[in-house]
$ cat target-v2.pdb   # PDB, C-alpha atoms
MODEL        1
ATOM      1  CA  MET A   8      83.420 122.774 149.655
ATOM      2  CA  ILE A   9      80.639 125.361 149.075
ATOM      3  CA  LYS A  10      83.076 128.181 149.824
ATOM      4  CA  SER A  11      85.636 126.711 147.399
ATOM      5  CA  ASN A  12      83.079 126.448 144.603
ATOM      6  CA  PHE A  13      81.941 130.005 145.272
ATOM      7  CA  PHE A  14      85.431 131.435 144.869
ATOM      8  CA  HIS A  15      85.989 129.273 141.786
ATOM      9  CA  GLN A  16      82.846 130.726 140.201
ATOM     10  CA  ILE A  17      83.881 134.255 141.117
ATOM     11  CA  LYS A  18      87.291 133.644 139.541
ATOM     12  CA  SER A  19      85.669 132.346 136.325
ATOM     13  CA  ILE A  20      83.380 135.394 136.151
ATOM     14  CA  ILE A  21      86.338 137.719 136.576
ATOM     15  CA  SER A  22      88.237 135.868 133.861
ATOM     16  CA  LEU A  23      85.241 136.155 131.534
ATOM     17  CA  VAL A  24      85.014 139.902 132.155
ATOM     18  CA  ILE A  25      88.723 140.238 131.418
ATOM     19  CA  LEU A  26      88.278 138.162 128.260
ATOM     20  CA  VAL A  27      85.456 140.364 126.933
ATOM     21  CA  ALA A  28      87.408 143.512 127.667
ATOM     22  CA  PHE A  29      90.558 142.058 126.120
ATOM     23  CA  ILE A  30      88.792 141.088 122.910
ATOM     24  CA  SER A  31      87.050 144.474 122.695
ATOM     25  CA  CYS A  32      90.286 146.400 123.095
ATOM     26  CA  SER A  33      92.445 144.149 120.957
ATOM     27  CA  SER A  34      90.281 142.933 118.088
ATOM     28  CA  GLU A  35      90.706 145.998 115.896
ATOM     29  CA  GLU A  36      94.418 146.326 116.516
ATOM     30  CA  ASN A  37      95.392 142.633 116.352
ATOM     31  CA  ASN A  38      92.499 141.087 114.391
ATOM     32  CA  LEU A  39      91.778 138.686 117.261
ATOM     33  CA  SER A  40      88.655 136.566 117.459
ATOM     34  CA  GLU A  41      87.167 134.312 120.110
ATOM     35  CA  ASP A  42      88.961 131.378 118.432
ATOM     36  CA  ASP A  43      92.272 133.034 119.334
ATOM     37  CA  ILE A  44      91.472 133.074 123.086
ATOM     38  CA  ILE A  45      91.561 130.007 125.343
ATOM     39  CA  PHE A  46      91.269 129.297 129.096
ATOM     40  CA  LYS A  47      94.099 127.408 130.757
ATOM     41  CA  ASP A  48      93.781 126.756 134.511
ATOM     42  CA  ASP A  49      91.267 129.615 134.668
ATOM     43  CA  GLU A  50      93.792 131.963 133.060
ATOM     44  CA  VAL A  51      93.158 133.880 129.831
ATOM     45  CA  VAL A  52      95.703 132.799 127.209
ATOM     46  CA  VAL A  53      96.096 134.227 123.706
ATOM     47  CA  LYS A  54      97.103 131.559 121.204
ATOM     48  CA  ASP A  55     100.140 132.226 119.052
ATOM     49  CA  PRO A  56      98.987 133.324 115.586
ATOM     50  CA  GLU A  57      99.692 131.107 112.613
ATOM     51  CA  PRO A  58     102.794 132.425 110.852
ATOM     52  CA  GLU A  59     102.187 134.046 107.489
ATOM     53  CA  PRO A  60     103.671 131.804 104.777
ATOM     54  CA  ASP A  61     106.643 133.027 102.783
ATOM     55  CA  PRO A  62     105.754 134.296  99.304
ATOM     56  CA  VAL A  63     106.094 131.678  96.580
ATOM     57  CA  ILE A  64     109.385 132.230  94.789
ATOM     58  CA  VAL A  65     109.136 132.857  91.059
ATOM     59  CA  ALA A  66     111.515 130.649  89.085
ATOM     60  CA  GLU A  67     114.143 132.302  86.907
ATOM     61  CA  ASP A  68     112.607 130.832  83.744
ATOM     62  CA  GLU A  69     108.928 131.177  84.707
ATOM     63  CA  ASP A  70     106.324 133.044  82.672
ATOM     64  CA  THR A  71     104.244 135.310  84.925
ATOM     65  CA  GLY A  72     101.427 137.808  84.618
ATOM     66  CA  THR A  73      98.797 138.041  81.921
ATOM     67  CA  TYR A  74      99.248 136.326  78.569
ATOM     68  CA  THR A  75      97.597 135.684  75.238
ATOM     69  CA  THR A  76      96.818 132.237  73.861
ATOM     70  CA  CYS A  77      98.931 132.629  70.730
ATOM     71  CA  ASN A  78     102.081 134.659  70.189
ATOM     72  CA  ASP A  79     104.355 135.369  67.232
ATOM     73  CA  ASP A  80     107.232 133.347  68.694
ATOM     74  CA  GLY A  81     104.925 130.343  69.148
ATOM     75  CA  ALA A  82     103.389 130.255  65.664
ATOM     76  CA  ASN A  83     105.187 127.165  64.376
ATOM     77  CA  THR A  84     104.166 126.191  60.853
ATOM     78  CA  THR A  85     104.457 122.437  61.467
ATOM     79  CA  ARG A  86     104.637 120.153  64.499
ATOM     80  CA  THR A  87     108.428 119.767  64.146
ATOM     81  CA  SER A  88     109.516 123.158  62.790
ATOM     82  CA  SER A  89     109.894 124.899  66.149
ATOM     83  CA  ASP A  90     112.742 122.838  67.590
ATOM     84  CA  LEU A  91     116.224 124.160  68.292
ATOM     85  CA  SER A  92     118.952 122.773  66.043
ATOM     86  CA  ASN A  93     120.961 121.395  68.963
ATOM     87  CA  ALA A  94     118.304 120.924  71.616
ATOM     88  CA  VAL A  95     119.615 119.636  74.940
ATOM     89  CA  ASN A  96     116.514 117.456  75.398
ATOM     90  CA  ILE A  97     116.481 114.212  73.404
ATOM     91  CA  GLY A  98     113.696 113.082  71.088
ATOM     92  CA  THR A  99     111.650 114.381  68.157
ATOM     93  CA  ILE A 100     109.516 117.370  69.042
ATOM     94  CA  ASP A 101     105.743 117.409  68.591
ATOM     95  CA  ASP A 102     104.721 121.054  69.022
ATOM     96  CA  ARG A 103     100.982 121.702  68.913
ATOM     97  CA  SER A 104     100.849 125.029  70.724
ATOM     98  CA  CYS A 105     100.995 128.583  69.379
ATOM     99  CA  TYR A 106     101.695 130.076  72.824
ATOM    100  CA  ALA A 107     105.479 129.567  72.772
ATOM    101  CA  ASN A 108     108.028 127.397  71.032
ATOM    102  CA  TYR A 109     110.499 125.153  72.806
ATOM    103  CA  LYS A 110     113.241 127.192  74.470
ATOM    104  CA  GLU A 111     116.067 126.530  76.927
ATOM    105  CA  SER A 112     117.359 128.160  80.095
ATOM    106  CA  VAL A 113     120.527 127.679  82.110
ATOM    107  CA  ILE A 114     120.176 127.762  85.897
ATOM    108  CA  ASP A 115     123.050 126.860  88.212
ATOM    109  CA  GLY A 116     124.891 125.246  85.342
ATOM    110  CA  ILE A 117     121.974 122.995  84.282
ATOM    111  CA  THR A 118     120.337 123.499  80.882
ATOM    112  CA  TRP A 119     116.580 123.086  81.038
ATOM    113  CA  GLY A 120     114.165 122.487  78.190
ATOM    114  CA  ILE A 121     111.142 124.807  78.471
ATOM    115  CA  TYR A 122     107.680 123.458  77.660
ATOM    116  CA  ASN A 123     104.906 126.070  77.980
ATOM    117  CA  ILE A 124     101.359 125.605  76.666
ATOM    118  CA  THR A 125      98.019 127.352  77.165
ATOM    119  CA  ASP A 126      94.376 126.381  76.925
ATOM    120  CA  GLY A 127      93.151 126.547  73.329
ATOM    121  CA  SER A 128      96.619 126.961  71.813
ATOM    122  CA  ASN A 129      96.651 123.859  69.553
ATOM    123  CA  ASN A 130      97.204 125.413  66.112
ATOM    124  CA  GLN A 131      97.953 122.111  64.347
ATOM    125  CA  ASP A 132      94.810 119.992  64.759
ATOM    126  CA  ALA A 133      91.170 120.752  64.026
ATOM    127  CA  ALA A 134      89.581 123.140  66.511
ATOM    128  CA  ASN A 135      88.136 121.602  69.689
ATOM    129  CA  THR A 136      89.614 118.170  69.016
ATOM    130  CA  LEU A 137      93.029 117.386  70.526
ATOM    131  CA  GLN A 138      94.721 119.057  73.480
ATOM    132  CA  PRO A 139      97.725 121.412  73.178
ATOM    133  CA  ARG A 140     101.132 119.899  73.774
ATOM    134  CA  ILE A 141     104.846 120.301  73.319
ATOM    135  CA  GLU A 142     106.197 116.776  73.725
ATOM    136  CA  ARG A 143     109.142 114.739  72.544
ATOM    137  CA  SER A 144     108.738 111.231  71.157
ATOM    138  CA  LEU A 145     111.399 108.556  71.522
ATOM    139  CA  PRO A 146     112.287 105.370  69.559
ATOM    140  CA  ILE A 147     109.910 102.396  69.830
ATOM    141  CA  ALA A 148     110.680  98.906  71.186
ATOM    142  CA  ASN A 149     109.142  95.696  69.823
ATOM    143  CA  PRO A 150     106.922  93.337  71.887
ATOM    144  CA  ASN A 151     109.429  90.490  72.293
ATOM    145  CA  VAL A 152     110.340  89.338  75.782
ATOM    146  CA  GLY A 153     113.357  91.304  76.967
ATOM    147  CA  SER A 154     112.623  94.348  74.781
ATOM    148  CA  PHE A 155     112.126  97.696  76.506
ATOM    149  CA  VAL A 156     112.514 101.461  76.356
ATOM    150  CA  LYS A 157     113.868 103.463  79.282
ATOM    151  CA  PHE A 158     113.780 107.227  79.799
ATOM    152  CA  THR A 159     115.506 109.224  82.531
ATOM    153  CA  GLY A 160     115.487 112.920  83.303
ATOM    154  CA  ASP A 161     114.908 115.612  85.905
ATOM    155  CA  PHE A 162     111.783 117.751  85.879
ATOM    156  CA  ARG A 163     110.516 120.923  87.497
ATOM    157  CA  ILE A 164     106.847 121.912  87.491
ATOM    158  CA  LEU A 165     105.991 125.616  87.638
ATOM    159  CA  GLU A 166     102.334 125.602  86.638
ATOM    160  CA  VAL A 167      99.645 123.229  85.356
ATOM    161  CA  GLY A 168      96.186 123.600  83.888
ATOM    162  CA  ASP A 169      93.244 124.157  86.210
ATOM    163  CA  THR A 170      89.519 124.288  85.417
ATOM    164  CA  GLY A 171      88.247 123.977  88.983
ATOM    165  CA  SER A 172      87.183 120.379  88.314
ATOM    166  CA  PHE A 173      89.445 117.411  89.077
ATOM    167  CA  GLY A 174      88.516 115.448  85.970
ATOM    168  CA  SER A 175      89.566 118.181  83.541
ATOM    169  CA  SER A 176      92.364 119.815  85.541
ATOM    170  CA  GLY A 177      96.035 118.933  85.570
ATOM    171  CA  SER A 178      98.665 118.533  82.868
ATOM    172  CA  TYR A 179     100.691 115.523  81.752
ATOM    173  CA  ILE A 180     104.477 115.533  82.117
ATOM    174  CA  ALA A 181     105.166 112.134  80.515
ATOM    175  CA  GLN A 182     103.351 109.108  79.144
ATOM    176  CA  ALA A 183     103.802 105.509  78.060
ATOM    177  CA  LYS A 184     102.216 104.638  74.737
ATOM    178  CA  GLY A 185     101.895 101.561  72.550
ATOM    179  CA  GLN A 186      99.638 100.075  69.908
ATOM    180  CA  HIS A 187      97.810  96.765  70.253
ATOM    181  CA  THR A 188      96.034  94.095  68.242
ATOM    182  CA  GLY A 189      92.297  93.519  68.100
ATOM    183  CA  GLY A 190      91.206  97.117  67.502
ATOM    184  CA  GLY A 191      89.574  99.531  69.910
ATOM    185  CA  GLY A 192      90.609 102.981  71.017
ATOM    186  CA  SER A 193      93.003 105.427  69.395
ATOM    187  CA  ASN A 194      95.383 104.550  66.567
ATOM    188  CA  ASP A 195      98.201 105.728  68.856
ATOM    189  CA  PRO A 196      96.883 104.923  72.330
ATOM    190  CA  ALA A 197      98.195 106.194  75.641
ATOM    191  CA  ILE A 198      98.772 103.452  78.223
ATOM    192  CA  CYS A 199      99.870 105.333  81.331
ATOM    193  CA  LEU A 200     100.060 109.112  81.697
ATOM    194  CA  TYR A 201     101.693 110.966  84.582
ATOM    195  CA  ARG A 202      99.422 113.871  85.486
ATOM    196  CA  ALA A 203     100.290 116.807  87.748
ATOM    197  CA  HIS A 204      97.468 118.520  89.655
ATOM    198  CA  PRO A 205      97.808 121.934  91.330
ATOM    199  CA  ILE A 206      97.933 122.454  95.093
ATOM    200  CA  TYR A 207      97.281 126.039  96.175
ATOM    201  CA  GLY A 208      98.847 127.831  99.123
ATOM    202  CA  THR A 209      97.341 129.770 102.016
ATOM    203  CA  GLY A 210      97.386 133.419 103.048
ATOM    204  CA  ILE A 211      99.327 135.489 100.544
ATOM    205  CA  ASN A 212      99.750 132.338  98.424
ATOM    206  CA  SER A 213      96.077 131.362  98.360
ATOM    207  CA  ASP A 214      95.817 132.040  94.614
ATOM    208  CA  LYS A 215      99.184 130.527  93.732
ATOM    209  CA  GLN A 216     100.155 126.953  92.819
ATOM    210  CA  VAL A 217     102.727 125.945  95.443
ATOM    211  CA  ALA A 218     102.918 122.175  94.909
ATOM    212  CA  PHE A 219     101.644 119.423  92.633
ATOM    213  CA  ASP A 220     100.158 115.990  93.207
ATOM    214  CA  ILE A 221     101.440 113.489  90.654
ATOM    215  CA  TYR A 222      98.886 110.901  89.535
ATOM    216  CA  ALA A 223      99.209 107.892  87.244
ATOM    217  CA  GLU A 224      96.353 107.711  84.747
ATOM    218  CA  ARG A 225      96.313 104.039  83.711
ATOM    219  CA  ILE A 226      94.216 102.096  81.235
ATOM    220  CA  LEU A 227      91.943  99.380  82.594
ATOM    221  CA  GLU A 228      91.690  97.731  79.185
ATOM    222  CA  ARG A 229      93.460  98.050  75.855
ATOM    223  CA  GLY A 230      92.216 101.137  74.068
ATOM    224  CA  GLY A 231      90.772 102.465  77.297
ATOM    225  CA  SER A 232      90.161 106.180  77.714
ATOM    226  CA  GLY A 233      87.861 108.244  79.906
ATOM    227  CA  SER A 234      86.084 105.775  82.193
ATOM    228  CA  GLY A 235      88.397 103.085  80.823
ATOM    229  CA  ARG A 236      91.236 104.483  82.958
ATOM    230  CA  GLU A 237      91.987 104.670  86.645
ATOM    231  CA  VAL A 238      93.657 107.674  88.282
ATOM    232  CA  VAL A 239      96.026 106.757  91.124
ATOM    233  CA  LEU A 240      97.788 109.270  93.393
ATOM    234  CA  LEU A 241     101.540 108.675  93.516
ATOM    235  CA  LYS A 242     103.243 111.535  95.362
ATOM    236  CA  ARG A 243     103.469 115.312  95.883
ATOM    237  CA  VAL A 244     106.295 117.562  94.695
ATOM    238  CA  ASN A 245     106.846 121.233  95.446
ATOM    239  CA  LYS A 246     106.771 123.947  92.822
ATOM    240  CA  ASN A 247     110.150 124.305  91.077
ATOM    241  CA  GLU A 248     111.535 121.297  92.969
ATOM    242  CA  ILE A 249     114.086 119.374  90.918
ATOM    243  CA  THR A 250     112.745 115.805  90.837
ATOM    244  CA  SER A 251     114.372 112.819  89.166
ATOM    245  CA  PHE A 252     112.242 110.661  86.880
ATOM    246  CA  VAL A 253     112.829 107.195  85.436
ATOM    247  CA  MET A 254     110.314 105.300  83.306
ATOM    248  CA  GLU A 255     110.799 101.878  81.735
ATOM    249  CA  VAL A 256     108.230 100.188  79.501
ATOM    250  CA  GLY A 257     108.755  96.708  78.091
ATOM    251  CA  PHE A 258     108.003  92.999  78.025
ATOM    252  CA  LYS A 259     109.307  90.283  80.340
ATOM    253  CA  VAL A 260     108.534  86.667  81.236
ATOM    254  CA  ASP A 261     105.701  86.103  83.688
ATOM    255  CA  PRO A 262     107.439  84.647  86.784
ATOM    256  CA  ASN A 263     104.343  82.583  87.531
ATOM    257  CA  ASP A 264     104.069  81.072  84.040
ATOM    258  CA  ALA A 265     107.043  80.906  81.670
ATOM    259  CA  THR A 266     104.676  80.521  78.690
ATOM    260  CA  LYS A 267     103.242  83.994  79.314
ATOM    261  CA  LYS A 268     104.678  87.495  79.311
ATOM    262  CA  ILE A 269     104.109  90.733  81.194
ATOM    263  CA  HIS A 270     103.907  94.165  79.632
ATOM    264  CA  TYR A 271     105.110  96.530  82.348
ATOM    265  CA  CYS A 272     105.337 100.269  82.926
ATOM    266  CA  ASN A 273     107.588 101.054  85.895
ATOM    267  CA  ALA A 274     108.453 104.525  87.124
ATOM    268  CA  ILE A 275     110.706 105.978  89.802
ATOM    269  CA  ILE A 276     109.812 109.528  90.837
ATOM    270  CA  GLY A 277     112.320 111.009  93.219
ATOM    271  CA  SER A 278     113.313 107.980  95.267
ATOM    272  CA  GLU A 279     109.927 106.223  95.149
ATOM    273  CA  ALA A 280     109.153 103.335  92.795
ATOM    274  CA  PHE A 281     105.735 102.900  91.192
ATOM    275  CA  ASN A 282     105.541  99.630  89.266
ATOM    276  CA  TRP A 283     102.530  98.591  87.217
ATOM    277  CA  ASN A 284     101.655  95.752  84.844
ATOM    278  CA  ILE A 285      99.691  96.745  81.748
ATOM    279  CA  PRO A 286      96.451  94.784  81.062
ATOM    280  CA  GLU A 287      96.227  92.219  78.247
ATOM    281  CA  PRO A 288      99.972  91.958  77.566
ATOM    282  CA  ASP A 289      99.537  89.542  74.635
ATOM    283  CA  ARG A 290      97.721  92.283  72.704
ATOM    284  CA  GLY A 291     100.556  94.798  73.036
ATOM    285  CA  THR A 292     102.663  95.319  69.909
ATOM    286  CA  GLN A 293     105.110  98.026  71.052
ATOM    287  CA  SER A 294     106.439 100.169  73.880
ATOM    288  CA  LYS A 295     107.229 103.865  73.598
ATOM    289  CA  ILE A 296     107.598 107.002  75.713
ATOM    290  CA  ARG A 297     106.807 110.693  75.302
ATOM    291  CA  TYR A 298     107.590 113.568  77.675
ATOM    292  CA  GLY A 299     107.245 117.351  77.870
ATOM    293  CA  ALA A 300     103.955 119.145  78.558
ATOM    294  CA  TYR A 301     100.557 117.912  77.389
ATOM    295  CA  ARG A 302      96.935 118.878  78.149
ATOM    296  CA  VAL A 303      95.767 122.190  79.539
ATOM    297  CA  ARG A 304      91.999 122.598  79.565
ATOM    298  CA  GLY A 305      92.201 125.809  81.569
ATOM    299  CA  GLY A 306      94.986 128.304  82.156
ATOM    300  CA  ARG A 307      98.630 127.550  81.392
ATOM    301  CA  ALA A 308     101.133 124.757  81.976
ATOM    302  CA  GLN A 309     104.887 125.192  82.443
ATOM    303  CA  ILE A 310     107.126 122.121  82.669
ATOM    304  CA  ARG A 311     110.930 121.959  82.606
ATOM    305  CA  TRP A 312     113.116 118.945  81.686
ATOM    306  CA  ALA A 313     116.889 118.426  81.997
ATOM    307  CA  ASN A 314     119.483 115.634  81.898
ATOM    308  CA  THR A 315     117.360 113.495  79.593
ATOM    309  CA  THR A 316     118.543 110.090  78.347
ATOM    310  CA  HIS A 317     116.925 107.201  76.490
ATOM    311  CA  GLU A 318     117.765 103.535  76.092
ATOM    312  CA  ARG A 319     116.110 101.061  73.740
ATOM    313  CA  VAL A 320     116.653  97.300  73.651
ATOM    314  CA  ASN A 321     115.034  95.179  70.949
ATOM    315  CA  LYS A 322     115.261  91.406  71.261
TER     316      LYS A 322
ENDMDL
END
$ encode --input "target-v2.pdb" --output "structure tokens"
Amino acid sequence: MIKSNFFHQIKSIISLVILVAFISCSSEENNLSEDDIIFKDDEVVVKDPEPEPDPVIVAEDEDTGTYTTCNDDGANTTRTSSDLSNAVNIGTIDDRSCYANYKESVIDGITWGIYNITDGSNNQDAANTLQPRIERSLPIANPNVGSFVKFTGDFRILEVGDTGSFGSSGSYIAQAKGQHTGGGGSNDPAICLYRAHPIYGTGINSDKQVAFDIYAERILERGGSGSGREVVLLKRVNKNEITSFVMEVGFKVDPNDATKKIHYCNAIIGSEAFNWNIPEPDRGTQSKIRYGAYRVRGGRAQIRWANTTHERVNK
């Protein structure tokens, strides 16, 4: 037993000497460190290096490089003057960004609406008040049971705003809105906003947005904003990934009490459903939907929409 232990120790010492020599000779050439070397059955083993990620592919209709906040082709005189005469995306435009006007691109036979905004580019509202946006508003449904609005489309996200802080980062791709009785909050309050947050890559992509976490920002009470909302993670999508989107907002009978109603905001992103009942349904007076690109407190946001439809039912 003593002899066996002796030879085992000798073997370990020899392996250690080999390891030191191996690291010394190889570190400069192969950028190896001690973390790359392991012992397996007293043998020196070099771990396989992590593969370098592929470079993030730039989309055909993506803005890249440096940019200025405002540009000549984005200097719309009013919130509706920048729209194309036969825009493929449905709805009335609300353009509060001087970076770029609404444009369209055709990729693989699909026509995409282009929504690009930058931090500080709201040239329509008073300075330092409301966030930049290029959104489209859709017809409003009444609060009667059985009334609803439904929006469908496909989106791609290329870039969203980033300040380095979660609370102020991210950009909205769509939102449910609706006024209510009893006062409180905005005159045109948001109810549920779908917010995309950036996920950065590694290696050569460490400074690039490669994916986006989609959150639902939901009111906790009518008129709620700021701390009056909850932010709930829904799912992650890759950069430039074509993702289907369905949102329906409306009123229905409460299955637990036929004398009451539910104000709901249900979404399907990709193949996943995210249903939610809006607080204080009896106070709600309408249901409506907006989509496009909204909010960018740092940097730039680039959202694309295609195949958009809208249905409204008023009872």
$ atom_distance --input "target-v2.pdb" --atom1 "CA of Phe281 in chain A" --atom2 "CA of Lys184 in chain A"
16.9 Å
$ closest_residue --input "target-v2.pdb" --among "A:Thr71, A:Gln309, A:Asn321, A:Asn78" --to "Gly120 in chain A" --atoms "only C-alpha atoms"
A:Gln309
$ residues_around --input "target-v2.pdb" --residues "Arg140 in chain A" --least-positions-apart "3" --cutoff "9 Å" --atoms "all atoms listed in the file" --output "PyMOL selection string"
chain A and resi 101-104+122-125+128-129+299-303
$ axis_aligned_box --input "target-v2.pdb" --around "range 113-117 of chain A" --padding-each-side "5 Å" --output "JSON"
{"center_x": 122.5, "center_y": 125.4, "center_z": 85.2, "size_x": 14.7, "size_y": 14.8, "size_z": 16.1}
$ resolve_selection --input "target-v2.pdb" --expression "the PyMOL selection byres ((chain A and resi 316) around 7)" --output "ChimeraX atom specification"
/A:97,158-160,314-315,317-318
$ resolve_selection --input "target-v2.pdb" --expression "the PyMOL selection byres ((chain A and resi 157) around 10)" --output "VMD selection string"
chain A and resid 145 148 155 to 156 158 to 159 253 to 257 272 to 274 294 to 296 316 to 320
$ atom_distance --input "target-v2.pdb" --atom1 "CA of Arg163 in chain A" --atom2 "CA of Asn284 in chain A"
26.8 Å
$ closest_residue --input "target-v2.pdb" --among "A:Trp119, A:Ala203, A:Pro288, A:Asn212" --to "Gly185 in chain A" --atoms "all atoms listed in the file"
A:Pro288
$ closest_residue --input "target-v2.pdb" --among "A:Asn263, A:Gln216, A:Thr292, A:Asn149" --to "Gly306 in chain A" --atoms "all atoms listed in the file"
A:Gln216
$ closest_residue --input "target-v2.pdb" --among "A:Ala107, A:Cys199, A:Ala265, A:Ile249" --to "Ala313 in chain A" --atoms "all atoms listed in the file"
A:Ile249
$ build_atoms --input "target-v2.pdb" --residues "range 130-147 of chain A" --atoms "N, CA, C and O atoms" --output "tab-separated table (two decimals), in the coordinates of the input"
chain	number	residue	atom	x	y	z
A	130	ASN	N	97.37	124.82	67.45
A	130	ASN	CA	97.20	125.41	66.11
A	130	ASN	C	97.51	124.42	64.99
A	130	ASN	O	97.65	124.82	63.84
A	131	GLN	N	97.61	123.13	65.33
A	131	GLN	CA	97.95	122.11	64.35
A	131	GLN	C	96.79	121.18	64.01
A	131	GLN	O	96.69	120.70	62.89
A	132	ASP	N	95.94	120.90	64.98
A	132	ASP	CA	94.81	119.99	64.76
A	132	ASP	C	93.52	120.79	64.61
A	132	ASP	O	93.46	121.98	64.90
A	133	ALA	N	92.47	120.10	64.18
A	133	ALA	CA	91.17	120.75	64.03
A	133	ALA	C	90.71	121.33	65.36
A	133	ALA	O	90.96	120.76	66.42
A	134	ALA	N	90.02	122.45	65.30
A	134	ALA	CA	89.58	123.14	66.51
A	134	ALA	C	88.72	122.24	67.37
A	134	ALA	O	87.90	121.45	66.87
A	135	ASN	N	88.94	122.33	68.70
A	135	ASN	CA	88.14	121.60	69.69
A	135	ASN	C	88.25	120.08	69.54
A	135	ASN	O	87.29	119.35	69.82
A	136	THR	N	89.40	119.62	69.10
A	136	THR	CA	89.61	118.17	69.02
A	136	THR	C	90.68	117.73	70.01
A	136	THR	O	90.36	117.25	71.09
A	137	LEU	N	91.95	117.88	69.67
A	137	LEU	CA	93.03	117.39	70.53
A	137	LEU	C	93.62	118.50	71.38
A	137	LEU	O	93.61	119.68	71.02
A	138	GLN	N	94.17	118.11	72.52
A	138	GLN	CA	94.72	119.06	73.48
A	138	GLN	C	96.09	119.61	73.04
A	138	GLN	O	96.85	118.92	72.37
A	139	PRO	N	96.40	120.85	73.45
A	139	PRO	CA	97.72	121.41	73.18
A	139	PRO	C	98.82	120.57	73.82
A	139	PRO	O	98.61	119.92	74.84
A	140	ARG	N	100.00	120.64	73.23
A	140	ARG	CA	101.13	119.90	73.77
A	140	ARG	C	102.42	120.40	73.14
A	140	ARG	O	102.43	120.89	72.01
A	141	ILE	N	103.49	120.31	73.87
A	141	ILE	CA	104.85	120.30	73.32
A	141	ILE	C	105.50	119.10	73.98
A	141	ILE	O	105.85	119.13	75.16
A	142	GLU	N	105.63	118.02	73.22
A	142	GLU	CA	106.20	116.78	73.72
A	142	GLU	C	107.34	116.33	72.82
A	142	GLU	O	107.47	116.80	71.70
A	143	ARG	N	108.11	115.39	73.35
A	143	ARG	CA	109.14	114.74	72.54
A	143	ARG	C	108.87	113.24	72.52
A	143	ARG	O	108.61	112.63	73.55
A	144	SER	N	108.92	112.67	71.32
A	144	SER	CA	108.74	111.23	71.16
A	144	SER	C	110.09	110.56	71.02
A	144	SER	O	111.06	111.15	70.53
A	145	LEU	N	110.15	109.31	71.47
A	145	LEU	CA	111.40	108.56	71.52
A	145	LEU	C	111.25	107.25	70.75
A	145	LEU	O	110.13	106.79	70.49
A	146	PRO	N	112.36	106.60	70.35
A	146	PRO	CA	112.29	105.37	69.56
A	146	PRO	C	111.46	104.27	70.23
A	146	PRO	O	111.38	104.18	71.46
A	147	ILE	N	110.87	103.41	69.40
A	147	ILE	CA	109.91	102.40	69.83
A	147	ILE	C	110.59	101.04	69.96
A	147	ILE	O	111.43	100.66	69.15
